>>> print(open('target.cif').read())   # mmCIF, C-alpha atoms
data_entry
#
loop_
_atom_site.label_atom_id
_atom_site.label_comp_id
_atom_site.auth_asym_id
_atom_site.auth_seq_id
_atom_site.Cartn_x
_atom_site.Cartn_y
_atom_site.Cartn_z
CA MET A 1 10.61 -30.11 6.02
CA ASN A 2 11.16 -32.18 9.19
CA GLU A 3 9.08 -32.73 12.31
CA SER A 4 10.79 -29.89 14.13
CA ASP A 5 9.91 -27.49 11.32
CA ASN A 6 6.30 -28.66 11.35
CA HIS A 7 6.10 -28.20 15.11
CA PHE A 8 7.61 -24.72 14.83
CA ASP A 9 5.14 -23.75 12.09
CA GLU A 10 2.23 -24.93 14.22
CA GLN A 11 3.53 -22.97 17.22
CA LEU A 12 4.05 -19.87 15.08
CA SER A 13 0.50 -20.02 13.71
CA ALA A 14 -0.94 -20.65 17.16
CA HIS A 15 0.92 -17.75 18.75
CA TYR A 16 0.04 -15.50 15.82
CA SER A 17 -3.68 -16.29 16.12
CA LYS A 18 -3.55 -15.73 19.86
CA GLN A 19 -1.80 -12.40 19.40
CA LYS A 20 -4.26 -11.22 16.75
CA ARG A 21 -7.18 -11.66 19.13
CA GLN A 22 -5.67 -8.99 21.40
CA PHE A 23 -5.91 -6.30 18.73
CA LYS A 24 -9.23 -4.78 17.72
CA ALA A 25 -9.82 -1.84 15.41
CA PRO A 26 -11.23 1.14 17.35
CA ILE A 27 -15.04 1.32 17.32
CA GLU A 28 -15.06 5.06 16.67
CA HIS A 29 -13.20 4.49 13.39
CA LYS A 30 -16.00 2.30 12.09
CA LYS A 31 -18.53 5.02 12.89
CA TYR A 32 -16.43 7.67 11.14
CA VAL A 33 -15.81 5.55 8.04
CA LEU A 34 -19.46 4.56 7.69
CA GLN A 35 -20.63 8.13 8.22
CA LYS A 36 -18.35 9.22 5.41
CA ALA A 37 -19.60 6.42 3.18
CA LYS A 38 -23.25 7.25 3.94
CA ARG A 39 -22.65 10.87 3.04
CA ILE A 40 -21.26 9.78 -0.32
CA ASP A 41 -24.10 7.27 -0.72
CA LYS A 42 -26.63 10.07 -0.12
CA GLU A 43 -24.90 12.34 -2.64
CA THR A 44 -24.91 9.53 -5.19
CA THR A 45 -28.65 8.86 -4.66
CA THR A 46 -29.46 12.57 -4.89
CA ASN A 47 -27.48 12.87 -8.11
CA THR A 48 -29.27 9.86 -9.58
CA SER A 49 -32.67 11.39 -8.74
CA LEU A 50 -31.72 14.72 -10.27
CA ASN A 51 -30.60 13.07 -13.50
CA TRP A 52 -33.84 11.08 -13.70
CA PHE A 53 -36.07 14.14 -13.23
CA ALA A 54 -34.01 16.73 -15.15
CA PRO A 55 -33.93 15.87 -18.86
CA GLY A 56 -33.40 19.55 -19.50
CA ALA A 57 -30.00 19.29 -17.85
CA LEU A 58 -29.12 16.53 -20.29
CA ALA A 59 -30.20 18.63 -23.27
CA ALA A 60 -28.17 21.60 -22.03
CA SER A 61 -25.12 19.38 -21.58
CA ILE A 62 -25.41 18.17 -25.18
CA LEU A 63 -25.59 21.76 -26.43
CA VAL A 64 -22.48 22.74 -24.44
CA LEU A 65 -20.60 19.68 -25.70
CA THR A 66 -21.56 20.50 -29.28
CA TYR A 67 -20.23 24.03 -28.76
CA PHE A 68 -16.85 22.72 -27.64
CA VAL A 69 -16.66 20.15 -30.43
CA LEU A 70 -17.66 22.44 -33.30
CA ILE A 71 -15.78 25.53 -32.17
CA PRO A 72 -11.97 25.01 -31.89
CA GLN A 73 -10.65 25.59 -28.37
CA PRO A 74 -6.98 26.24 -27.42
CA ILE A 75 -5.29 23.09 -26.16
CA ASN A 76 -4.09 23.54 -22.62
CA HIS A 77 -1.89 21.19 -20.74
CA ILE A 78 -4.09 19.75 -18.03
CA PRO A 79 -1.93 19.20 -14.99
CA ILE A 80 -2.37 15.93 -13.17
CA VAL A 81 -2.07 17.79 -9.88
CA ALA A 82 -5.47 17.85 -8.16
CA GLN A 83 -6.52 19.94 -5.18
CA ASN A 84 -5.26 18.70 -1.82
CA THR A 85 -2.70 16.45 -3.53
CA TYR A 86 0.57 15.84 -1.69
CA ILE A 87 3.36 17.09 -3.99
CA GLU A 88 7.03 16.30 -3.51
CA LEU A 89 9.64 18.10 -5.60
CA HIS A 90 12.89 16.33 -6.50
CA THR A 91 15.51 18.66 -7.93
CA LEU A 92 19.26 19.24 -8.08
CA GLU A 93 19.33 22.32 -5.86
CA MET A 94 16.92 23.15 -3.02
CA PRO A 95 14.37 25.72 -4.29
CA ASP A 96 14.62 29.30 -3.00
CA GLU A 97 11.22 29.30 -1.38
CA SER A 98 10.88 27.30 1.80
CA ASN A 99 9.55 23.92 0.78
CA SER A 100 9.59 21.08 3.27
CA ARG A 101 8.44 18.75 0.51
CA ALA A 102 11.55 19.21 -1.65
CA LEU A 103 14.53 16.89 -1.93
CA ALA A 104 17.85 18.07 -3.44
CA TYR A 105 20.32 15.78 -5.18
CA ALA A 106 23.33 17.98 -6.09
CA ALA A 107 25.27 16.88 -3.00
CA LEU A 108 24.63 13.24 -3.86
CA GLU A 109 26.00 13.29 -7.42
CA LYS A 110 29.23 11.65 -6.33
CA GLU A 111 27.33 8.72 -4.79
CA TYR A 112 25.36 8.29 -7.97
CA ALA A 113 28.55 8.39 -10.03
CA GLN A 114 30.12 5.73 -7.83
CA LYS A 115 26.93 3.65 -7.76
CA GLN A 116 26.62 4.09 -3.98
CA MET A 117 22.93 4.98 -4.15
CA ILE A 118 21.75 1.53 -5.06
CA THR A 119 20.32 0.53 -1.67
CA ALA A 120 16.60 0.79 -2.19
CA VAL A 121 14.30 0.34 0.80
CA ALA A 122 10.93 0.98 -0.81
CA ARG A 123 9.30 0.76 -4.22
CA LYS A 124 6.16 2.45 -5.41
CA PRO A 125 4.26 2.21 -8.66
CA ALA A 126 3.34 5.45 -10.40
CA ARG A 127 2.08 6.82 -13.70
CA LEU A 128 4.55 8.98 -15.58
CA GLU A 129 3.60 12.26 -17.24
CA ILE A 130 6.28 14.08 -19.22
CA ASN A 131 5.46 17.79 -19.25
CA ASP A 132 6.07 20.25 -22.09
CA ASP A 133 8.88 21.94 -20.13
CA GLY A 134 10.76 18.65 -19.76
CA THR A 135 9.87 18.03 -16.11
CA TRP A 136 8.28 14.77 -15.00
CA ASP A 137 5.22 14.19 -12.82
CA LEU A 138 4.91 10.76 -11.24
CA GLU A 139 1.42 10.14 -9.87
CA THR A 140 1.31 7.37 -7.28
CA CYS A 141 -1.60 5.07 -6.48
CA GLU A 142 -2.42 7.35 -3.55
CA ASP A 143 -2.79 10.32 -5.95
CA ASP A 144 0.36 11.95 -4.57
CA VAL A 145 2.68 13.55 -7.12
CA ILE A 146 6.46 13.37 -7.27
CA GLN A 147 7.81 16.14 -9.51
CA ILE A 148 11.29 15.74 -10.98
CA SER A 149 13.13 18.75 -12.41
CA LYS A 150 14.63 18.71 -15.91
CA GLN A 151 18.16 19.09 -14.53
CA LEU A 152 17.71 16.15 -12.17
CA ILE A 153 16.34 13.99 -14.98
CA SER A 154 19.52 14.69 -16.96
CA MET A 155 21.68 13.71 -14.00
CA LEU A 156 19.73 10.52 -13.33
CA LYS A 157 20.00 9.51 -16.99
CA LYS A 158 23.71 10.21 -16.93
CA TYR A 159 24.23 7.72 -14.09
CA ASP A 160 21.87 5.03 -15.43
CA VAL A 161 19.20 5.57 -12.79
CA LEU A 162 16.89 6.02 -15.77
CA ASN A 163 18.04 3.57 -18.40
CA THR A 164 14.82 2.88 -20.31
CA HIS A 165 13.03 4.96 -22.92
CA PHE A 166 10.13 6.57 -21.04
CA ASN A 167 6.85 7.83 -22.51
CA SER A 168 3.97 9.76 -21.00
CA GLY A 169 1.28 7.50 -19.56
CA MET A 170 3.74 4.70 -18.84
CA MET A 171 3.50 2.85 -15.50
CA VAL A 172 6.80 2.83 -13.64
CA ALA A 173 8.20 1.55 -10.37
CA ILE A 174 10.15 4.12 -8.32
CA SER A 175 12.79 2.81 -5.91
CA PHE A 176 13.73 5.00 -2.91
CA ASN A 177 16.49 4.91 -0.34
CA SER A 178 15.88 5.53 3.36
CA ASP A 179 16.11 9.33 2.88
CA GLY A 180 13.44 9.31 0.22
CA HIS A 181 15.84 9.90 -2.70
CA ILE A 182 15.12 8.06 -5.92
CA THR A 183 17.61 5.28 -6.61
CA ARG A 184 15.99 3.85 -9.73
CA ILE A 185 12.97 4.13 -12.01
CA ASP A 186 11.91 1.12 -14.07
CA GLN A 187 9.11 0.47 -16.47
CA ILE A 188 6.52 -2.02 -15.19
CA GLU A 189 4.36 -4.17 -17.44
CA ASN A 190 1.10 -4.25 -15.47
CA PRO A 191 -0.92 -1.08 -16.15
CA LYS A 192 -3.49 -2.03 -13.48
CA VAL A 193 -1.06 -2.17 -10.57
CA CYS A 194 -3.10 0.36 -8.55
CA MET B 1 -23.86 -33.94 14.95
CA ASN B 2 -25.54 -34.61 11.59
CA LEU B 3 -28.48 -32.45 12.73
CA VAL B 4 -26.09 -29.59 13.53
CA LEU B 5 -24.43 -29.86 10.12
CA SER B 6 -27.80 -29.94 8.38
CA LEU B 7 -28.97 -26.86 10.26
CA LYS B 8 -25.70 -25.12 9.43
CA ASN B 9 -26.24 -25.81 5.73
CA LEU B 10 -29.65 -24.14 5.92
CA LEU B 11 -28.15 -20.90 7.15
CA PRO B 12 -27.08 -18.42 4.44
CA ALA B 13 -23.36 -18.66 3.73
CA LYS B 14 -21.21 -15.73 4.77
CA PRO B 15 -20.75 -13.56 1.68
CA GLU B 16 -17.27 -13.44 0.18
CA ASN B 17 -15.36 -10.19 0.57
CA GLU B 18 -14.93 -9.90 -3.20
CA TRP B 19 -18.69 -10.17 -3.71
CA LEU B 20 -19.33 -7.55 -1.01
CA MET B 21 -16.88 -5.11 -2.56
CA GLU B 22 -18.33 -5.68 -6.01
CA GLN B 23 -21.82 -5.02 -4.62
CA TYR B 24 -20.57 -1.87 -2.92
CA ARG B 25 -19.02 -0.72 -6.17
CA LEU B 26 -22.19 -1.39 -8.17
CA THR B 27 -24.80 -0.16 -5.71
CA GLN B 28 -22.78 2.35 -3.61
CA LYS B 29 -24.75 1.06 -0.59
CA THR B 30 -23.02 1.42 2.75
CA ARG B 31 -24.33 -1.83 4.20
CA PHE B 32 -21.91 -3.76 1.97
CA LEU B 33 -19.00 -1.63 3.13
CA GLU B 34 -20.06 -2.22 6.73
CA GLN B 35 -19.93 -5.98 6.25
CA LEU B 36 -16.49 -5.65 4.67
CA TYR B 37 -15.34 -3.53 7.57
CA ASP B 38 -16.60 -6.05 10.11
CA ALA B 39 -14.86 -8.86 8.24
CA CYS B 40 -11.49 -7.20 7.68
CA ALA B 41 -10.88 -4.24 10.00
CA ASP B 42 -9.39 -6.12 12.96
CA ASP B 43 -6.95 -8.10 10.82
CA LEU B 44 -5.94 -4.98 8.95
CA PHE B 45 -5.37 -3.14 12.22
CA HIS B 46 -3.24 -5.97 13.54
CA TYR B 47 -1.16 -5.99 10.34
CA MET B 48 -0.52 -2.27 10.71
CA VAL B 49 0.34 -2.60 14.41
CA THR B 50 3.00 -5.21 13.58
CA GLN B 51 4.50 -2.82 11.02
CA SER B 52 4.38 0.38 13.09
CA ASP B 53 2.81 1.31 16.43
CA PRO B 54 -0.83 1.38 17.60
CA THR B 55 -1.23 5.15 17.16
CA LEU B 56 0.07 5.24 13.61
CA ALA B 57 -1.76 1.99 12.84
CA GLN B 58 -5.08 3.61 13.77
CA ASP B 59 -4.37 6.58 11.54
CA ILE B 60 -3.30 4.45 8.58
CA CYS B 61 -6.25 2.07 8.90
CA GLN B 62 -8.71 4.94 8.90
CA LYS B 63 -7.05 6.45 5.82
CA THR B 64 -7.09 3.05 4.16
CA TRP B 65 -10.84 2.60 4.55
CA LEU B 66 -11.40 6.13 3.27
CA LYS B 67 -9.29 5.20 0.24
CA VAL B 68 -11.45 2.12 -0.26
CA ILE B 69 -14.49 4.41 -0.39
CA GLU B 70 -12.71 6.84 -2.71
CA LYS B 71 -11.46 4.11 -5.07
CA ARG B 72 -14.56 1.88 -4.90
CA ASN B 73 -15.30 2.42 -8.57
CA GLN B 74 -11.79 1.32 -9.52
CA TYR B 75 -12.02 -2.03 -7.75
CA ARG B 76 -11.77 -5.09 -9.97
CA PRO B 77 -12.09 -8.58 -8.44
CA SER B 78 -9.00 -9.94 -10.19
CA GLY B 79 -7.52 -11.09 -6.86
CA ARG B 80 -8.55 -11.22 -3.22
CA PHE B 81 -10.16 -8.12 -1.73
CA THR B 82 -7.86 -8.35 1.28
CA GLY B 83 -4.84 -8.23 -1.04
CA TRP B 84 -6.11 -4.96 -2.49
CA LEU B 85 -6.94 -3.63 0.97
CA TYR B 86 -3.56 -4.51 2.44
CA SER B 87 -1.80 -3.07 -0.59
CA ILE B 88 -3.54 0.28 -0.06
CA ALA B 89 -2.65 0.22 3.63
CA ARG B 90 0.98 -0.62 2.94
CA ASN B 91 1.33 2.21 0.46
CA GLN B 92 -0.21 4.63 2.96
CA LEU B 93 2.25 3.45 5.62
CA ILE B 94 5.30 3.71 3.35
CA ASP B 95 4.25 7.23 2.35
CA GLU B 96 3.91 8.21 5.98
CA PHE B 97 7.37 6.80 6.77
CA ARG B 98 8.84 8.76 3.87
CA ARG B 99 7.19 11.95 5.06
CA GLN B 100 8.61 11.36 8.53
CA LYS B 101 11.93 10.20 6.99
CA ARG B 102 11.99 7.27 9.36
CA ILE B 103 15.16 5.21 9.05
CA VAL B 104 13.40 2.01 10.20
CA LEU B 105 12.94 1.04 6.54
CA LYS B 106 16.64 0.33 6.12
CA GLU B 107 16.95 -2.92 4.18
CA GLU B 108 19.53 -5.26 5.61
CA LEU B 109 21.28 -6.74 2.63
CA ASN B 110 23.48 -9.78 3.18
CA GLU B 111 21.32 -10.70 6.14
CA ASP B 112 22.93 -13.08 8.60
CA PRO B 113 20.16 -15.32 10.00
CA PHE B 114 22.36 -16.19 12.97
CA CYS B 115 22.84 -12.68 14.26
CA SER B 116 22.20 -12.50 17.98
CA GLU B 117 20.64 -9.13 18.76
CA ALA B 118 17.31 -10.78 19.59
CA HIS B 119 18.69 -12.90 22.41
CA ASN B 120 16.44 -11.30 25.02
CA THR B 121 13.29 -11.81 22.97
CA HIS B 122 10.81 -14.52 23.88
CA PHE B 123 8.83 -16.42 21.31
CA SER B 124 5.86 -16.56 23.68
CA ASP B 125 5.66 -12.78 23.21
CA LEU B 126 5.39 -13.07 19.46
CA HIS B 127 4.74 -9.35 19.08
CA GLU B 128 8.21 -8.59 20.47
CA ALA B 129 9.78 -11.42 18.50
CA LEU B 130 8.32 -9.98 15.30
CA LYS B 131 9.58 -6.51 16.24
CA SER B 132 13.11 -7.91 16.34
CA LEU B 133 12.86 -8.62 12.61
CA PRO B 134 13.72 -5.98 10.01
CA PHE B 135 10.68 -4.26 8.52
CA PHE B 136 10.52 -6.18 5.24
CA GLN B 137 11.08 -9.59 6.81
CA ARG B 138 8.43 -8.88 9.44
CA GLU B 139 6.04 -7.76 6.76
CA ALA B 140 6.56 -10.90 4.69
CA ILE B 141 6.07 -13.31 7.59
CA VAL B 142 3.00 -11.42 8.85
CA LEU B 143 1.39 -11.45 5.40
CA GLN B 144 2.10 -15.15 5.17
CA GLN B 145 0.46 -15.72 8.55
CA GLU B 146 -2.51 -13.69 7.29
CA GLY B 147 -3.00 -16.39 4.66
CA PHE B 148 -1.47 -14.74 1.59
CA GLY B 149 0.48 -16.86 -0.87
CA LEU B 150 3.91 -15.93 -2.21
CA GLN B 151 2.53 -14.34 -5.39
CA GLU B 152 0.02 -12.33 -3.40
CA ILE B 153 2.71 -11.10 -1.01
CA ALA B 154 4.88 -10.13 -3.99
CA LYS B 155 1.98 -8.16 -5.45
CA ILE B 156 1.14 -6.39 -2.18
CA THR B 157 4.77 -5.40 -1.60
CA ASN B 158 5.64 -4.67 -5.24
CA GLU B 159 8.57 -7.05 -5.08
CA ASP B 160 9.59 -10.07 -7.10
CA LEU B 161 8.98 -13.61 -5.93
CA GLU B 162 12.62 -14.43 -5.14
CA THR B 163 12.92 -11.40 -2.88
CA ILE B 164 9.83 -12.49 -0.94
CA LYS B 165 11.15 -16.05 -0.61
CA SER B 166 14.44 -14.71 0.68
CA ARG B 167 12.78 -12.44 3.24
CA LEU B 168 10.57 -15.28 4.47
CA ARG B 169 13.54 -17.59 4.75
CA TYR B 170 15.49 -15.13 6.90
CA ALA B 171 12.47 -14.21 9.00
CA ARG B 172 11.53 -17.79 9.64
CA ALA B 173 15.13 -18.73 10.51
CA LYS B 174 15.35 -15.90 13.03
CA LEU B 175 12.03 -16.69 14.67
CA LYS B 176 12.87 -20.38 14.79
CA ARG B 177 16.14 -19.59 16.50
CA ILE B 178 14.24 -17.66 19.20
CA TRP B 179 11.74 -20.50 19.51
CA SER B 180 14.47 -23.16 19.69
CA ALA B 181 16.24 -21.25 22.46
CA GLU B 182 13.10 -21.55 24.60
CA HIS B 183 12.51 -25.20 23.82
CA GLU B 184 16.01 -26.59 24.31
#
>>> encode(input="target.cif", output="structure tokens")
Amino acid sequence: MNESDNHFDEQLSAHYSKQKRQFKAPIEHKKYVLQKAKRIDKETTTNTSLNWFAPGALAASILVLTYFVLIPQPINHIPIVAQNTYIELHTLEMPDESNSRALAYAALEKEYAQKQMITAVARKPARLEINDDGTWDLETCEDDVIQISKQLISMLKKYDVLNTHFNSGMMVAISFNSDGHITRIDQIENPKVC
Amino acid sequence: MNLVLSLKNLLPAKPENEWLMEQYRLTQKTRFLEQLYDACADDLFHYMVTQSDPTLAQDICQKTWLKVIEKRNQYRPSGRFTGWLYSIARNQLIDEFRRQKRIVLKEELNEDPFCSEAHNTHFSDLHEALKSLPFFQREAIVLQQEGFGLQEIAKITNEDLETIKSRLRYARAKLKRIWSAEHE
């Protein structure tokens, strides 16, 4: 790196620091965030007090747990979709009901076949859940869910968008193009990426 | 001068962000979160402004801090707190762009560092100079200016090291061209 580069780097850092000083986070945001945190702090303290002074609740919990352990219960698939979760459906054809959170791929099959869908602009890590009906749920670090239909999975496998053996619970990286369509899904090694 | 240094050593050192977050996770006490907010909020806001606009930046920053509260029990001090914070913010921003289907995320492959569309941009207005960069290049150079190393930037952006190096190279070349034009 020559003197000119060093001088440029110094100027860049100086201008950057100067620019940063012009931007301050809004004061009202701090108040809102701390109010929210205090509410949760209060709930946590209240819960701690209740547990300390309610041994009966603990005994009742043990009895209920024993009931569920000793008496066989039907196994239900517990969906990973929680309340107020943003869900996006990826499928071959647009669903009948109006769904602004759905993306259809049937019209893009030609691009996939000709490998024209390879331009990814974003990648997101997610946890994969393979459902009993063959659909996939991909839960992102923000607790949003991307649902992929069985037919779309078949198409994506056919065109090597999914070219690894996938298991439930696996961490994957989803690549998207600028329209939000999936261009690739890869396994990632780090399970603690969120 | 020695007296000033001695007095400075007597003052309690500013707590590290990682320690503050760990204390917040363990004790759930808001005062630790407040110190984290005071230490990091302005820089986070500036990062978001460089990647979007002030209105969206405000929205994303607020959501980010709420996510920090929500995920406080999942925090592990394996890296810098700011890396974790910026990663959450970036993911929130990308999600918002996808919901709005904004085309600004278009990756420019085969980037030509000598393209001339920024010829009216002045380096002295660094904000505008940064805006002339494509999203991912701007992001990489901003994160570098924020003090993150290459590995940290790769982790925040979920990209490999070579991609980050490439983006920084192109970004730096473009900014230097703007700077050189003013200093010829």
>>> residues_around(input="target.cif", residues="Trp19 (chain B)", least_positions_apart="2", cutoff="10 Å", atoms="all atoms listed in the file", output="list in words")
Pro15, Glu16, Asn17, Met21, Glu22, Gln23, Tyr24, Arg25, Phe32, Leu36, Pro77 and Phe81 of chain B
>>> write_last_selection(input="target.cif", atoms="C-alpha atoms", output="JSON list (two decimals), in the frame of the given file")
[["chain", "number", "residue", "atom", "x", "y", "z"],
["B", 15, "PRO", "CA", -20.75, -13.56, 1.68],
["B", 16, "GLU", "CA", -17.27, -13.44, 0.18],
["B", 17, "ASN", "CA", -15.36, -10.19, 0.57],
["B", 21, "MET", "CA", -16.88, -5.11, -2.56],
["B", 22, "GLU", "CA", -18.33, -5.68, -6.01],
["B", 23, "GLN", "CA", -21.82, -5.02, -4.62],
["B", 24, "TYR", "CA", -20.57, -1.87, -2.92],
["B", 25, "ARG", "CA", -19.02, -0.72, -6.17],
["B", 32, "PHE", "CA", -21.91, -3.76, 1.97],
["B", 36, "LEU", "CA", -16.49, -5.65, 4.67],
["B", 77, "PRO", "CA", -12.09, -8.58, -8.44],
["B", 81, "PHE", "CA", -10.16, -8.12, -1.73]]
>>> atom_distance(input="target.cif", atom1="CA of His90 (chain A)", atom2="CA of Ile188 (chain A)")
21.3 Å
>>> resolve_selection(input="target.cif", expression="the PyMOL selection byres ((chain B) within 9 of (chain A))", output="CSV table (one decimal) with C-alpha atoms, in the frame of the given file")
chain,number,residue,atom,x,y,z
B,27,THR,CA,-24.8,-0.2,-5.7
B,28,GLN,CA,-22.8,2.4,-3.6
B,29,LYS,CA,-24.8,1.1,-0.6
B,30,THR,CA,-23.0,1.4,2.8
B,31,ARG,CA,-24.3,-1.8,4.2
B,33,LEU,CA,-19.0,-1.6,3.1
B,34,GLU,CA,-20.1,-2.2,6.7
B,37,TYR,CA,-15.3,-3.5,7.6
B,38,ASP,CA,-16.6,-6.0,10.1
B,41,ALA,CA,-10.9,-4.2,10.0
B,42,ASP,CA,-9.4,-6.1,13.0
B,43,ASP,CA,-7.0,-8.1,10.8
B,44,LEU,CA,-5.9,-5.0,9.0
B,45,PHE,CA,-5.4,-3.1,12.2
B,46,HIS,CA,-3.2,-6.0,13.5
B,47,TYR,CA,-1.2,-6.0,10.3
B,49,VAL,CA,0.3,-2.6,14.4
B,58,GLN,CA,-5.1,3.6,13.8
B,61,CYS,CA,-6.2,2.1,8.9
B,62,GLN,CA,-8.7,4.9,8.9
B,65,TRP,CA,-10.8,2.6,4.6
B,66,LEU,CA,-11.4,6.1,3.3
B,67,LYS,CA,-9.3,5.2,0.2
B,69,ILE,CA,-14.5,4.4,-0.4
B,74,GLN,CA,-11.8,1.3,-9.5
B,84,TRP,CA,-6.1,-5.0,-2.5
B,87,SER,CA,-1.8,-3.1,-0.6
B,88,ILE,CA,-3.5,0.3,-0.1
B,91,ASN,CA,1.3,2.2,0.5
B,92,GLN,CA,-0.2,4.6,3.0
B,94,ILE,CA,5.3,3.7,3.4
B,95,ASP,CA,4.2,7.2,2.4
B,98,ARG,CA,8.8,8.8,3.9
B,99,ARG,CA,7.2,12.0,5.1
B,101,LYS,CA,11.9,10.2,7.0
B,102,ARG,CA,12.0,7.3,9.4
B,103,ILE,CA,15.2,5.2,9.0
B,104,VAL,CA,13.4,2.0,10.2
B,105,LEU,CA,12.9,1.0,6.5
B,106,LYS,CA,16.6,0.3,6.1
B,107,GLU,CA,17.0,-2.9,4.2
B,109,LEU,CA,21.3,-6.7,2.6
B,123,PHE,CA,8.8,-16.4,21.3
B,124,SER,CA,5.9,-16.6,23.7
B,125,ASP,CA,5.7,-12.8,23.2
B,126,LEU,CA,5.4,-13.1,19.5
B,127,HIS,CA,4.7,-9.4,19.1
B,136,PHE,CA,10.5,-6.2,5.2
B,142,VAL,CA,3.0,-11.4,8.8
B,145,GLN,CA,0.5,-15.7,8.6
B,155,LYS,CA,2.0,-8.2,-5.4
B,157,THR,CA,4.8,-5.4,-1.6
B,158,ASN,CA,5.6,-4.7,-5.2
B,159,GLU,CA,8.6,-7.0,-5.1
B,175,LEU,CA,12.0,-16.7,14.7
B,176,LYS,CA,12.9,-20.4,14.8
B,179,TRP,CA,11.7,-20.5,19.5
B,180,SER,CA,14.5,-23.2,19.7
>>> atom_distance(input="target.cif", atom1="CA of Glu129 (chain A)", atom2="CA of Asn167 (chain A)")
7.6 Å
>>> atom_distance(input="target.cif", atom1="CA of Asp133 (chain A)", atom2="CA of Lys115 (chain A)")
28.5 Å
>>> closest_residue(input="target.cif", among="A:Leu89, A:Ala107, A:Ala102, A:Leu162", to="Ile146 (chain A)", atoms="only C-alpha atoms")
A:Leu89
>>> residues_around(input="target.cif", residues="Asp186 (chain A)", least_positions_apart="6", cutoff="10 Å", atoms="only C-alpha atoms", output="PyMOL selection string")
chain A and resi 125+161-166+171-175
>>> residues_around(input="target.cif", residues="Lys131 (chain B)", least_positions_apart="2", cutoff="10 Å", atoms="all atoms listed in the file", output="PDB file with C-alpha atoms, in the frame of the given file")
ATOM      1  CA  THR B  50       3.000  -5.210  13.580  1.00  0.00           C
ATOM      2  CA  GLN B  51       4.500  -2.820  11.020  1.00  0.00           C
ATOM      3  CA  SER B  52       4.380   0.380  13.090  1.00  0.00           C
ATOM      4  CA  ALA B 118      17.310 -10.780  19.590  1.00  0.00           C
ATOM      5  CA  THR B 121      13.290 -11.810  22.970  1.00  0.00           C
ATOM      6  CA  LEU B 126       5.390 -13.070  19.460  1.00  0.00           C
ATOM      7  CA  HIS B 127       4.740  -9.350  19.080  1.00  0.00           C
ATOM      8  CA  GLU B 128       8.210  -8.590  20.470  1.00  0.00           C
ATOM      9  CA  ALA B 129       9.780 -11.420  18.500  1.00  0.00           C
ATOM     10  CA  LEU B 133      12.860  -8.620  12.610  1.00  0.00           C
ATOM     11  CA  PRO B 134      13.720  -5.980  10.010  1.00  0.00           C
ATOM     12  CA  PHE B 135      10.680  -4.260   8.520  1.00  0.00           C
ATOM     13  CA  ARG B 138       8.430  -8.880   9.440  1.00  0.00           C
TER      14      ARG B 138
END
>>> closest_residue(input="target.cif", among="B:Leu56, B:Cys40, B:Leu26, B:Ile178", to="Gly83 (chain B)", atoms="only C-alpha atoms")
B:Cys40
>>> closest_residue(input="target.cif", among="A:Met94, A:Leu103, A:Ile148, A:Ala126", to="Gln187 (chain A)", atoms="only C-alpha atoms")
A:Ala126
